[in-house]
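Colleague: One file is attached below, target27.txt, containing compact mmCIF, C-alpha atoms.
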# COMPACT_ATOMS: atom_id res chain seq x y z
CA MET A 1 17.46 314.07 138.39
CA MET A 2 17.72 315.62 141.83
CA ASN A 3 20.62 317.97 142.43
CA LEU A 4 23.08 317.53 145.28
CA GLU A 5 21.61 320.31 147.37
CA ASP A 6 18.09 318.83 147.30
CA LEU A 7 19.49 315.41 148.09
CA GLU A 8 21.32 316.83 151.10
CA LYS A 9 18.09 318.41 152.34
CA GLN A 10 16.27 315.10 152.07
CA VAL A 11 18.99 313.27 153.98
CA ILE A 12 18.85 315.87 156.74
CA ARG A 13 15.06 315.50 156.94
CA MET A 14 15.41 311.75 157.44
CA GLU A 15 18.05 312.30 160.11
CA ASP A 16 15.76 314.80 161.81
CA ILE A 17 12.91 312.29 161.99
CA GLN A 18 15.31 309.70 163.43
CA GLU A 19 16.56 312.19 166.04
CA ILE A 20 13.02 313.08 167.09
CA GLU A 21 12.09 309.40 167.41
CA ASN A 22 15.15 308.94 169.62
CA LEU A 23 14.29 312.00 171.71
CA GLN A 24 10.78 310.70 172.38
CA ARG A 25 11.96 307.18 173.26
CA ARG A 26 14.67 308.50 175.56
CA TYR A 27 12.06 310.65 177.30
CA GLY A 28 10.27 307.40 178.16
CA TYR A 29 13.44 305.66 179.35
CA TYR A 30 14.37 308.66 181.54
CA PHE A 31 10.85 308.67 182.98
CA ASP A 32 11.13 304.93 183.75
CA THR A 33 14.28 305.58 185.78
CA ARG A 34 12.91 308.79 187.36
CA ASN A 35 15.71 310.90 185.89
CA PHE A 36 13.62 314.07 185.76
CA GLN A 37 16.55 316.46 185.38
CA ALA A 38 17.47 314.66 182.13
CA ILE A 39 13.88 315.16 180.98
CA VAL A 40 13.90 318.88 181.77
CA ASP A 41 17.17 319.20 179.83
CA MET A 42 15.43 317.85 176.72
CA PHE A 43 13.06 320.84 176.67
CA SER A 44 13.99 324.04 174.85
CA ASP A 45 14.62 327.09 177.03
CA SER A 46 11.79 328.71 175.09
CA ALA A 47 9.45 325.70 175.59
CA ASP A 48 5.72 326.42 175.37
CA SER A 49 4.15 324.03 177.86
CA ALA A 50 3.68 320.55 179.24
CA ASP A 51 0.21 319.13 179.84
CA LEU A 52 -0.16 315.55 181.09
CA GLU A 53 -3.24 313.65 182.19
CA SER A 54 -5.18 315.67 184.79
CA PHE A 55 -2.04 317.33 186.18
CA GLY A 56 -2.85 320.77 184.77
CA LEU A 57 -1.07 323.00 182.30
CA PHE A 58 2.51 324.05 183.07
CA ARG A 59 3.87 326.96 181.03
CA GLY A 60 7.39 327.75 179.88
CA LYS A 61 10.64 326.14 180.90
CA GLU A 62 10.00 327.33 184.46
CA GLY A 63 6.68 325.50 184.55
CA ILE A 64 8.30 322.39 183.11
CA ARG A 65 10.90 322.43 185.91
CA ARG A 66 8.13 322.79 188.47
CA LEU A 67 6.15 319.89 186.98
CA TYR A 68 8.97 317.35 186.57
CA LEU A 69 11.36 318.30 189.38
CA ASP A 70 9.13 319.67 192.15
CA ASP A 71 5.83 317.87 191.56
CA ILE A 72 6.42 314.51 189.83
CA GLY A 73 10.02 314.26 191.10
CA ARG A 74 9.07 315.65 194.54
CA GLY A 75 12.24 317.73 194.63
CA GLY A 76 14.30 314.54 194.70
CA ARG A 77 12.62 313.26 197.86
CA PRO A 78 11.44 309.65 197.85
CA ARG A 79 7.70 309.29 197.54
CA TYR A 80 7.53 306.66 200.23
CA PRO A 81 10.05 305.18 202.68
CA SER A 82 10.74 302.22 200.42
CA GLU A 83 10.74 303.32 196.83
CA SER A 84 12.24 300.59 194.67
CA TRP A 85 8.92 298.83 194.08
CA ILE A 86 7.36 302.00 192.66
CA SER A 87 7.79 301.65 188.94
CA THR A 88 6.70 303.10 185.64
CA VAL A 89 7.20 301.37 182.34
CA ILE A 90 6.22 303.52 179.34
CA PHE A 91 6.08 302.12 175.83
CA GLN A 92 6.41 304.78 173.13
CA ILE A 93 4.66 303.23 170.16
CA GLY A 94 3.60 304.22 166.65
CA GLY A 95 5.45 307.48 166.04
CA VAL A 96 4.18 309.67 163.17
CA VAL A 97 6.55 312.64 162.82
CA ASN A 98 6.08 315.55 160.44
CA LEU A 99 8.70 318.18 159.81
CA ASP A 100 7.90 321.74 158.98
CA PRO A 101 9.42 322.79 155.61
CA SER A 102 11.65 325.18 157.57
CA GLY A 103 13.43 322.11 159.01
CA VAL A 104 13.55 323.60 162.51
CA ALA A 105 10.07 322.69 163.78
CA ALA A 106 8.22 319.36 163.90
CA ARG A 107 5.21 317.62 165.36
CA GLY A 108 4.76 314.02 166.40
CA ARG A 109 2.01 311.68 167.51
CA TRP A 110 2.62 308.55 169.56
CA GLN A 111 0.57 306.27 171.66
CA THR A 112 1.62 304.77 174.94
CA TRP A 113 0.99 301.69 177.00
CA LEU A 114 2.05 301.84 180.63
CA ALA A 115 2.50 299.25 183.33
CA GLU A 116 2.73 301.18 186.59
CA THR A 117 3.01 300.45 190.28
CA PHE A 118 2.44 302.82 193.16
CA LEU A 119 0.71 303.22 196.47
CA TYR A 120 -3.07 303.61 196.46
CA GLY A 121 -5.15 303.62 199.61
CA GLY A 122 -2.09 302.56 201.58
CA VAL A 123 -1.30 299.47 199.51
CA PRO A 124 0.94 298.92 196.48
CA ARG A 125 -1.25 298.60 193.39
CA GLN A 126 -0.51 297.87 189.75
CA TYR A 127 -2.10 299.73 186.82
CA TRP A 128 -2.62 299.71 183.07
CA VAL A 129 -2.57 303.14 181.43
CA HIS A 130 -3.15 304.14 177.80
CA GLY A 131 -2.79 307.51 176.13
CA TYR A 132 -1.72 309.54 173.11
CA TYR A 133 0.97 312.16 172.67
CA GLU A 134 0.75 315.12 170.33
CA ASN A 135 4.07 316.87 170.81
CA GLU A 136 5.96 319.75 169.21
CA TYR A 137 9.70 319.94 168.69
CA VAL A 138 12.18 322.64 167.81
CA LYS A 139 15.70 322.43 166.42
CA GLU A 140 18.20 324.78 168.06
CA ARG A 141 21.95 324.79 167.48
CA GLY A 142 21.65 321.54 165.49
CA LYS A 143 19.76 319.60 168.20
CA TRP A 144 16.13 318.69 168.62
CA PHE A 145 14.24 319.67 171.78
CA PHE A 146 10.71 319.36 173.08
CA LYS A 147 8.84 322.59 172.55
CA LYS A 148 5.45 321.39 173.75
CA LEU A 149 4.51 318.09 175.33
CA PHE A 150 0.91 316.99 175.56
CA TRP A 151 -0.05 313.54 176.80
CA ASN A 152 -3.74 312.78 176.66
CA VAL A 153 -4.79 309.85 178.84
CA THR A 154 -7.39 307.38 177.54
CA PHE A 155 -7.74 305.27 180.66
CA PHE A 156 -5.88 304.71 183.89
CA THR A 157 -7.18 301.54 185.47
CA MET A 158 -6.26 298.81 187.90
CA PHE A 159 -4.57 295.65 186.66
CA GLU A 160 -7.40 293.58 188.17
CA THR A 161 -10.46 295.57 187.02
CA GLY A 162 -9.80 297.05 183.56
CA TRP A 163 -10.97 300.19 181.73
CA LEU A 164 -14.58 299.20 181.27
CA THR A 165 -15.16 298.68 184.99
CA GLN A 166 -12.91 301.53 186.15
CA PRO A 167 -11.80 303.98 183.45
CA LEU A 168 -10.01 306.29 185.87
CA VAL A 169 -8.61 305.30 189.23
CA GLY A 170 -8.45 308.93 190.30
CA LEU A 171 -7.44 312.46 189.40
CA LEU A 172 -3.82 313.54 189.63
CA PRO A 173 -3.99 317.34 190.03
CA MET A 174 -0.61 318.91 190.82
CA ALA A 175 -0.05 321.59 193.43
CA ASN A 176 1.12 324.47 191.24
CA PRO A 177 -0.09 324.35 187.64
CA ASP A 178 -0.49 327.53 185.60
CA GLY A 179 -3.93 326.45 184.47
CA PRO A 180 -6.37 323.52 184.30
CA PRO A 181 -5.76 320.66 181.82
CA THR A 182 -6.58 321.85 178.29
CA ALA A 183 -8.19 318.58 177.10
CA PHE A 184 -8.84 315.95 179.74
CA TYR A 185 -11.63 313.66 178.49
CA PRO A 186 -10.88 310.10 179.57
CA TYR A 187 -12.70 306.98 178.47
CA PRO A 188 -15.61 306.51 177.85
CA SER A 189 -16.10 310.12 176.69
CA GLY A 190 -15.54 309.14 173.03
CA TYR A 191 -13.16 312.07 172.73
CA GLN A 192 -10.87 311.81 169.72
CA PHE A 193 -7.56 313.48 170.21
CA PRO A 194 -6.98 315.64 167.08
CA TYR A 195 -4.19 314.64 164.70
CA HIS A 196 -1.55 317.25 163.89
CA TYR A 197 -1.35 315.93 160.30
CA ASN A 198 -3.55 315.86 157.23
CA HIS A 199 -4.53 312.70 155.37
CA PRO A 200 -1.53 311.59 153.26
CA ILE A 201 -3.65 310.94 150.16
CA THR A 202 -6.58 313.32 150.25
CA GLY A 203 -4.83 316.09 152.18
CA GLU A 204 -7.91 316.58 154.35
CA MET B 1 35.08 298.17 172.92
CA ASN B 2 35.02 301.27 170.82
CA VAL B 3 32.33 303.25 172.60
CA VAL B 4 31.17 306.07 170.40
CA HIS B 5 28.15 308.29 170.66
CA GLN B 6 25.99 310.58 168.66
CA GLY B 7 28.17 313.56 169.50
CA ASP B 8 30.93 312.12 167.31
CA HIS B 9 28.87 312.43 164.16
CA PRO B 10 28.81 315.73 162.26
CA PRO B 11 26.35 318.20 163.87
CA LYS B 12 22.88 317.76 162.45
CA GLY B 13 21.55 320.54 160.31
CA GLU B 14 24.90 321.57 158.86
CA LEU B 15 24.90 320.74 155.20
CA PRO B 16 27.48 318.09 154.39
CA VAL B 17 30.22 319.57 152.24
CA ASN B 18 30.42 317.00 149.49
CA ILE B 19 29.01 313.81 148.00
CA ILE B 20 31.34 311.63 150.10
CA GLU B 21 29.97 313.09 153.35
CA LEU B 22 26.44 312.71 152.03
CA GLU B 23 27.03 309.08 151.16
CA LYS B 24 28.34 308.44 154.70
CA GLN B 25 25.19 309.92 156.18
CA VAL B 26 22.96 307.79 153.95
CA ILE B 27 24.92 304.66 154.90
CA LEU B 28 24.56 305.57 158.59
CA MET B 29 20.77 305.74 158.19
CA GLU B 30 20.73 302.44 156.31
CA ASP B 31 22.84 300.89 159.09
CA ILE B 32 20.37 302.00 161.75
CA GLN B 33 17.51 300.58 159.68
CA GLU B 34 19.34 297.27 159.21
CA ILE B 35 20.03 296.98 162.94
CA GLU B 36 16.39 297.74 163.76
CA ASN B 37 15.39 294.97 161.34
CA LEU B 38 17.92 292.53 162.80
CA GLN B 39 16.57 293.07 166.30
CA LYS B 40 12.94 292.69 165.20
CA ARG B 41 13.70 289.59 163.16
CA TYR B 42 15.41 288.08 166.18
CA GLY B 43 12.10 288.38 168.00
CA TYR B 44 10.13 286.89 165.13
CA TYR B 45 12.53 283.89 164.83
CA PHE B 46 12.40 283.35 168.58
CA GLU B 47 8.59 283.34 168.57
CA ILE B 48 8.36 280.51 166.06
CA GLY B 49 11.14 278.46 167.65
CA ASN B 50 13.56 278.96 164.74
CA TYR B 51 16.64 278.90 166.94
CA GLN B 52 19.02 278.11 164.09
CA GLY B 53 17.69 281.29 162.46
CA VAL B 54 18.55 283.12 165.68
CA VAL B 55 22.08 281.64 165.94
CA ASP B 56 22.81 282.61 162.33
CA LEU B 57 22.15 286.26 163.23
CA PHE B 58 25.26 286.20 165.50
CA SER B 59 28.82 286.93 164.37
CA GLU B 60 31.32 284.03 164.41
CA ASP B 61 33.24 286.28 166.83
CA ALA B 62 30.21 286.88 169.05
CA GLU B 63 31.14 287.83 172.58
CA SER B 64 28.25 286.51 174.66
CA VAL B 65 24.55 286.06 175.12
CA GLU B 66 22.67 286.47 178.35
CA ILE B 67 18.93 286.47 178.93
CA GLU B 68 16.95 286.58 182.16
CA SER B 69 18.42 284.26 184.81
CA CYS B 70 19.64 281.71 182.23
CA GLY B 71 23.30 282.50 182.86
CA LEU B 72 26.11 283.84 180.68
CA PHE B 73 27.01 281.96 177.49
CA LEU B 74 30.35 282.85 175.88
CA GLY B 75 31.33 282.94 172.21
CA LYS B 76 29.49 281.61 169.19
CA ALA B 77 29.73 278.11 170.72
CA GLY B 78 27.89 279.46 173.77
CA VAL B 79 25.26 281.08 171.55
CA LYS B 80 24.54 277.69 169.92
CA LYS B 81 24.56 275.97 173.29
CA MET B 82 21.92 278.30 174.67
CA TYR B 83 19.51 278.65 171.75
CA VAL B 84 19.80 275.29 169.97
CA ASP B 85 20.91 272.82 172.64
CA THR B 86 19.06 274.26 175.64
CA ILE B 87 16.04 276.40 174.69
CA GLY B 88 15.55 274.55 171.39
CA SER B 89 15.73 271.09 173.01
CA ASN B 90 12.23 271.56 174.48
CA LYS B 91 9.50 270.15 172.30
CA TYR B 92 6.41 272.23 172.93
CA GLU B 93 2.81 271.68 171.97
CA SER B 94 1.11 274.20 169.71
CA TRP B 95 -0.55 276.17 172.55
CA VAL B 96 2.84 277.16 173.95
CA ARG B 97 3.40 280.71 172.69
CA PHE B 98 5.94 283.49 172.91
CA CYS B 99 4.85 286.88 171.57
CA ILE B 100 7.73 289.33 171.87
CA GLN B 101 7.13 292.99 171.10
CA MET B 102 10.33 294.91 170.32
CA MET B 103 9.80 298.56 171.07
CA GLY B 104 11.62 301.85 171.46
CA GLY B 105 14.87 301.17 169.63
CA VAL B 106 17.63 303.72 170.25
CA VAL B 107 20.58 302.76 168.06
CA TYR B 108 24.02 304.36 167.77
CA VAL B 109 26.56 303.45 165.15
CA ASP B 110 30.21 304.39 165.62
CA PRO B 111 31.61 306.86 163.03
CA ILE B 112 33.65 304.17 161.28
CA GLY B 113 30.39 302.31 160.74
CA LYS B 114 31.57 298.89 161.94
CA THR B 115 30.09 298.56 165.42
CA ALA B 116 26.89 299.73 167.06
CA LYS B 117 24.89 299.55 170.28
CA GLY B 118 21.16 299.51 170.77
CA ARG B 119 18.56 299.67 173.54
CA TRP B 120 15.03 298.30 173.25
CA GLN B 121 12.33 297.38 175.65
CA THR B 122 10.07 294.40 175.34
CA TRP B 123 6.60 293.34 176.32
CA LEU B 124 5.84 289.62 176.15
CA CYS B 125 2.66 287.58 176.21
CA GLU B 126 3.59 283.98 176.89
CA ALA B 127 1.79 280.72 177.35
CA MET B 128 3.64 277.73 178.78
CA PRO B 129 3.26 274.91 181.27
CA VAL B 130 4.02 275.85 184.89
CA GLY B 131 3.74 273.04 187.41
CA GLY B 132 2.08 270.88 184.76
CA VAL B 133 -0.70 273.42 184.07
CA PRO B 134 -0.99 275.73 181.02
CA ARG B 135 -0.38 279.27 182.26
CA GLN B 136 -0.34 282.68 180.59
CA GLN B 137 2.26 285.26 181.49
CA TRP B 138 3.28 288.92 181.15
CA LEU B 139 6.96 289.79 180.90
CA HIS B 140 8.84 293.05 180.66
CA GLY B 141 12.52 293.68 180.06
CA TYR B 142 15.20 295.82 178.42
CA TYR B 143 17.81 294.93 175.83
CA GLU B 144 21.24 296.52 175.64
CA ASN B 145 22.87 294.84 172.66
CA GLU B 146 26.02 295.24 170.59
CA PHE B 147 26.33 294.76 166.86
CA VAL B 148 29.11 294.35 164.34
CA LYS B 149 29.16 294.79 160.56
CA GLU B 150 31.00 292.05 158.67
CA HIS B 151 31.09 291.64 154.88
CA GLY B 152 28.47 294.38 154.58
CA LYS B 153 25.99 292.74 156.98
CA TRP B 154 25.03 293.55 160.55
CA LEU B 155 25.25 290.75 163.12
CA PHE B 156 24.77 290.44 166.86
CA LYS B 157 28.04 290.70 168.73
CA LYS B 158 26.57 290.67 172.24
CA LEU B 159 23.00 290.21 173.37
CA HIS B 160 21.76 290.98 176.86
CA TRP B 161 18.12 290.91 177.83
CA ASN B 162 17.49 292.14 181.31
CA VAL B 163 14.14 291.03 182.73
CA THR B 164 12.08 293.44 184.84
CA PHE B 165 9.30 291.05 185.78
CA TYR B 166 7.97 287.67 184.73
CA THR B 167 4.52 287.26 186.21
CA SER B 168 1.28 285.43 185.68
CA PHE B 169 -1.59 286.99 183.75
CA GLU B 170 -3.76 286.92 186.89
CA ALA B 171 -1.39 288.02 189.64
CA GLY B 172 0.76 290.80 188.18
CA TRP B 173 4.25 292.00 189.11
CA VAL B 174 3.38 293.35 192.55
CA ARG B 175 2.25 289.97 193.83
CA ILE B 176 4.56 287.73 191.79
CA PRO B 177 7.54 289.61 190.34
CA LEU B 178 9.15 286.39 189.19
CA LEU B 179 7.41 283.09 188.56
CA GLY B 180 10.66 281.18 188.79
CA LEU B 181 14.30 281.01 187.81
CA LEU B 182 15.38 279.74 184.40
CA THR B 183 18.89 278.74 185.40
CA MET B 184 20.61 276.67 182.71
CA LYS B 185 23.16 274.08 183.74
CA MET B 186 25.18 274.48 180.55
CA ALA B 187 25.91 278.19 181.14
CA ASP B 188 29.55 279.32 181.18
CA ALA B 189 28.98 281.65 184.15
CA PRO B 190 26.18 283.01 186.34
CA PRO B 191 24.10 286.00 185.11
CA THR B 192 26.07 289.25 185.19
CA ALA B 193 23.10 291.47 186.05
CA PHE B 194 19.92 289.79 187.18
CA HIS B 195 17.99 292.19 189.42
CA PRO B 196 14.26 291.76 188.82
CA TYR B 197 11.49 293.93 190.22
CA PRO B 198 11.24 295.30 192.90
CA SER B 199 15.01 295.76 193.17
CA GLY B 200 14.82 299.27 191.68
CA TYR B 201 17.73 298.34 189.40
CA HIS B 202 18.13 300.50 186.30
CA VAL B 203 19.68 298.88 183.24
CA PRO B 204 22.47 301.34 182.28
CA TYR B 205 22.07 303.23 178.99
CA HIS B 206 24.80 302.82 176.38
CA TYR B 207 24.21 306.42 175.26
CA LYS B 208 24.76 309.86 176.65
CA HIS B 209 22.12 312.55 177.10
CA PRO B 210 21.43 314.10 173.67
CA ILE B 211 21.65 317.67 174.98
CA THR B 212 23.91 317.69 178.03
CA GLY B 213 26.18 314.86 176.85
CA GLU B 214 26.20 313.40 180.38
What is this structure when it is put down as structure tokens?

Modeller:
Amino acid sequence: MMNLEDLEKQVIRMEDIQEIENLQRRYGYYFDTRNFQAIVDMFSDSADSADLESFGLFRGKEGIRRLYLDDIGRGGRPRYPSESWISTVIFQIGGVVNLDPSGVAARGRWQTWLAETFLYGGVPRQYWVHGYYENEYVKERGKWFFKKLFWNVTFFTMFETGWLTQPLVGLLPMANPDGPPTAFYPYPSGYQFPYHYNHPITGE
Amino acid sequence: MNVVHQGDHPPKGELPVNIIELEKQVILMEDIQEIENLQKRYGYYFEIGNYQGVVDLFSEDAESVEIESCGLFLGKAGVKKMYVDTIGSNKYESWVRFCIQMMGGVVYVDPIGKTAKGRWQTWLCEAMPVGGVPRQQWLHGYYENEFVKEHGKWLFKKLHWNVTFYTSFEAGWVRIPLLGLLTMKMADAPPTAFHPYPSGYHVPYHYKHPITGE
């Protein structure tokens, strides 16, 4: 029979997975409502990096501020005169979270489906976007934070055309990254985004 | 309403001091799992038109139900009126479909373990007659729901589904944000928050920021 101490550890591990799932889903909800300061606050002060789509690699908490607040959030300035029709809906689906035995580090994979709307060639356009996350988390002072966020886009296409006809509407390089994207291989490259985990049965 | 947030639970990562604390934490996790199941089952009952199954998921003391532009229905009587007498009164052919995907649950249970709140978002693929023609539709929306535990079981206390868009498969939300209103004559009051795309309306979160507490 398991002793009380081991049982406590197992309960905490389950709570940790739940907390990380919540963190990831809230990230999506904050992105939907363009609350980029709330997103930055979910990153550890010793965060590694954020790397999304073709934006480029942003290093450290400082880089993360630059990416979300200055670039994506445009320093709080509206993107266009009338902004309410610009929208992002991000579904965070299929979380697989693995905790390090230390209990203070974790990794998670998700996939995403997005329904987006923004200006393209002067007209409002609607898009379908698919991608995968492989993220890292760290527990500090009893709370989980993002340590590293990596979103790998599969396709980014127009509502009307689809991924076969138009896998990528365009590149989205940001003004001030610290480096180029580390793995940007959209459809139909056949690129398979590596899993952070081993096979649950074979261990391979 | 007893609004309680994550911050009221013991800090994560500190070992609970005794078996009683440990039991509370296990029950909290079971509660979250039960609420997730309740919400997902709601969707599965709705899809197959089992509206009595839906009504039976609500507490006898349910506060209200409100979806889309249908209007506000009060109390358990209102819940029956909306699902069974109104939505359920339509007799659809087999090609009429509702596929509701429940995603992104964020659930918080108050420390006493008797009430809870949850946010989800939904993606729907629908097929129904519009203007006499079979049409296929995409819908998006957010839930902010309230739950209550009675006799050891979780029930809906308040259900609110806030639609973002309700568009045709072909047109999309930029061209047709809303195919039409679904106003129900039997409602007790007009919708409390019906602001579809492109209003820019943000459905308020029931929870505070996990780090800043704001």

Colleague: Of the candidates A:Gln18, A:Gln111, A:Gln192, A:Asn152, which shows the shortest atom-to-atom distance to Ser54 in chain A, using only C-alpha atoms?

Modeller: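 Once distances to Ser54 in chain A are computed over only C-alpha atoms, the minimum belongs to A:Asn152.
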
Colleague: Show me, as JSON, numbers by chain, the residues of chain B whose atoms get within 10 Å of chain A, using all atoms listed in the file for the distance check.

Modeller: {"B": [6, 10, 11, 12, 13, 14, 15, 16, 17, 18, 19, 21, 22, 23, 25, 26, 28, 29, 32, 103, 104, 105, 106, 107, 119, 120, 121, 122, 123, 140, 141, 164, 169, 170, 171, 172, 173, 174, 175, 197, 198, 199, 200, 201, 202, 203, 204, 205, 207, 209, 210, 211, 212, 214]}

Colleague: Enter the distance from CA of Lys117 in chain B to CA of Gly213 in chain B, in Å, rounded to one decimal.

Modeller: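 Separation between CA of Lys117 in chain B and CA of Gly213 in chain B: 16.7 Å.
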
Colleague: Record the distance separating CA of Met102 in chain B and CA of Gly43 in chain B, expressed in Å with one decimal.

Modeller: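 The value is 7.2 Å.
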
Colleague: Counting all atoms listed in the file, which residues sit no farther than 7 Å from the position (2.5, 310.9, 169.5) in the file's frame? I'd like them as a list in words.

Modeller: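 Every residue inside that radius is included here: Gly95, Val96, Gly108, Arg109, Trp110, Gln111, Tyr132, Tyr133, Glu134 and Asn135 of chain A.
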
Colleague: Which protein, DNA or RNA residues are at most 6 Å from (1.9, 318.0, 180.2) in the file's coordinates when you count all atoms listed in the file, listed as a count of residues only?

Modeller: 6

Colleague: CA of His195 in chain B to CA of Ile100 in chain B: how many Å, to one decimal?

Modeller: 20.5 Å

Colleague: So that I can check the surroundings of range 149-163 of chain B, please list as a ChimeraX atom specification every protein, DNA and RNA residue that reaches within 10 Å of it, counting all atoms listed in the file and ignoring chain neighbours fewer than 6 positions away.

Modeller: /B:31-32,34-35,37-39,42,54-69,72,74-76,79,113-122,139-143,178,191-197,202-203

Colleague: As AutoDock Vina command-line options, please: the centre and edge lengths in Å, to one decimal, of an axis-aligned box enclosing every listed atom of range 83-87 of chain A with 4 Å added on each side.

Modeller:
--center_x 9.8 --center_y 301.1 --center_z 192.9 --size_x 12.9 --size_y 12.5 --size_z 15.9

Colleague: Residues within 10 Å of Gln136 in chain B, please, as a list in words. Count all atoms listed in the file; anything in the same chain fewer than 5 positions from it doesn't count.

Modeller: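 Skipping anything fewer than 5 positions along the chain leaves Val96, Arg97, Phe98, Cys125, Glu126, Ala127, Met128, Pro129, Val130, Thr167, Ser168, Phe169 and Glu170 of chain B.
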
Colleague: Would you please take range 10-41 of chain A of the structure in the block above and write C-alpha atoms to a file as an mmCIF file, in the first residue's frame?

Modeller:
data_model
loop_
_atom_site.group_PDB
_atom_site.id
_atom_site.type_symbol
_atom_site.label_atom_id
_atom_site.label_comp_id
_atom_site.auth_asym_id
_atom_site.auth_seq_id
_atom_site.Cartn_x
_atom_site.Cartn_y
_atom_site.Cartn_z
ATOM 1 C CA GLN A 10 0.613 12.006 -6.734
ATOM 2 C CA VAL A 11 -2.209 14.382 -5.861
ATOM 3 C CA ILE A 12 0.089 17.350 -6.391
ATOM 4 C CA ARG A 13 1.153 15.973 -9.786
ATOM 5 C CA MET A 14 -2.483 15.751 -10.880
ATOM 6 C CA GLU A 15 -3.109 19.299 -9.669
ATOM 7 C CA ASP A 16 -0.037 20.453 -11.562
ATOM 8 C CA ILE A 17 -1.310 18.966 -14.825
ATOM 9 C CA GLN A 18 -4.685 20.641 -14.247
ATOM 10 C CA GLU A 19 -2.997 23.992 -13.577
ATOM 11 C CA ILE A 20 -0.910 23.739 -16.740
ATOM 12 C CA GLU A 21 -3.989 22.875 -18.812
ATOM 13 C CA ASN A 22 -5.680 25.952 -17.363
ATOM 14 C CA LEU A 23 -2.655 28.142 -18.058
ATOM 15 C CA GLN A 24 -2.580 27.085 -21.702
ATOM 16 C CA ARG A 25 -6.331 27.582 -22.203
ATOM 17 C CA ARG A 26 -6.256 30.992 -20.531
ATOM 18 C CA TYR A 27 -3.394 31.987 -22.823
ATOM 19 C CA GLY A 28 -5.777 31.360 -25.724
ATOM 20 C CA TYR A 29 -8.640 33.296 -24.126
ATOM 21 C CA TYR A 30 -6.341 36.254 -23.384
ATOM 22 C CA PHE A 31 -5.094 36.173 -26.972
ATOM 23 C CA ASP A 32 -8.714 36.172 -28.243
ATOM 24 C CA THR A 33 -9.396 39.360 -26.293
ATOM 25 C CA ARG A 34 -6.011 40.919 -27.145
ATOM 26 C CA ASN A 35 -5.014 41.150 -23.481
ATOM 27 C CA PHE A 36 -1.291 40.887 -24.192
ATOM 28 C CA GLN A 37 -0.146 42.207 -20.814
ATOM 29 C CA ALA A 38 -1.972 39.282 -19.162
ATOM 30 C CA ILE A 39 -0.108 36.950 -21.520
ATOM 31 C CA VAL A 40 3.290 38.463 -20.692
ATOM 32 C CA ASP A 41 2.470 38.072 -16.982
#
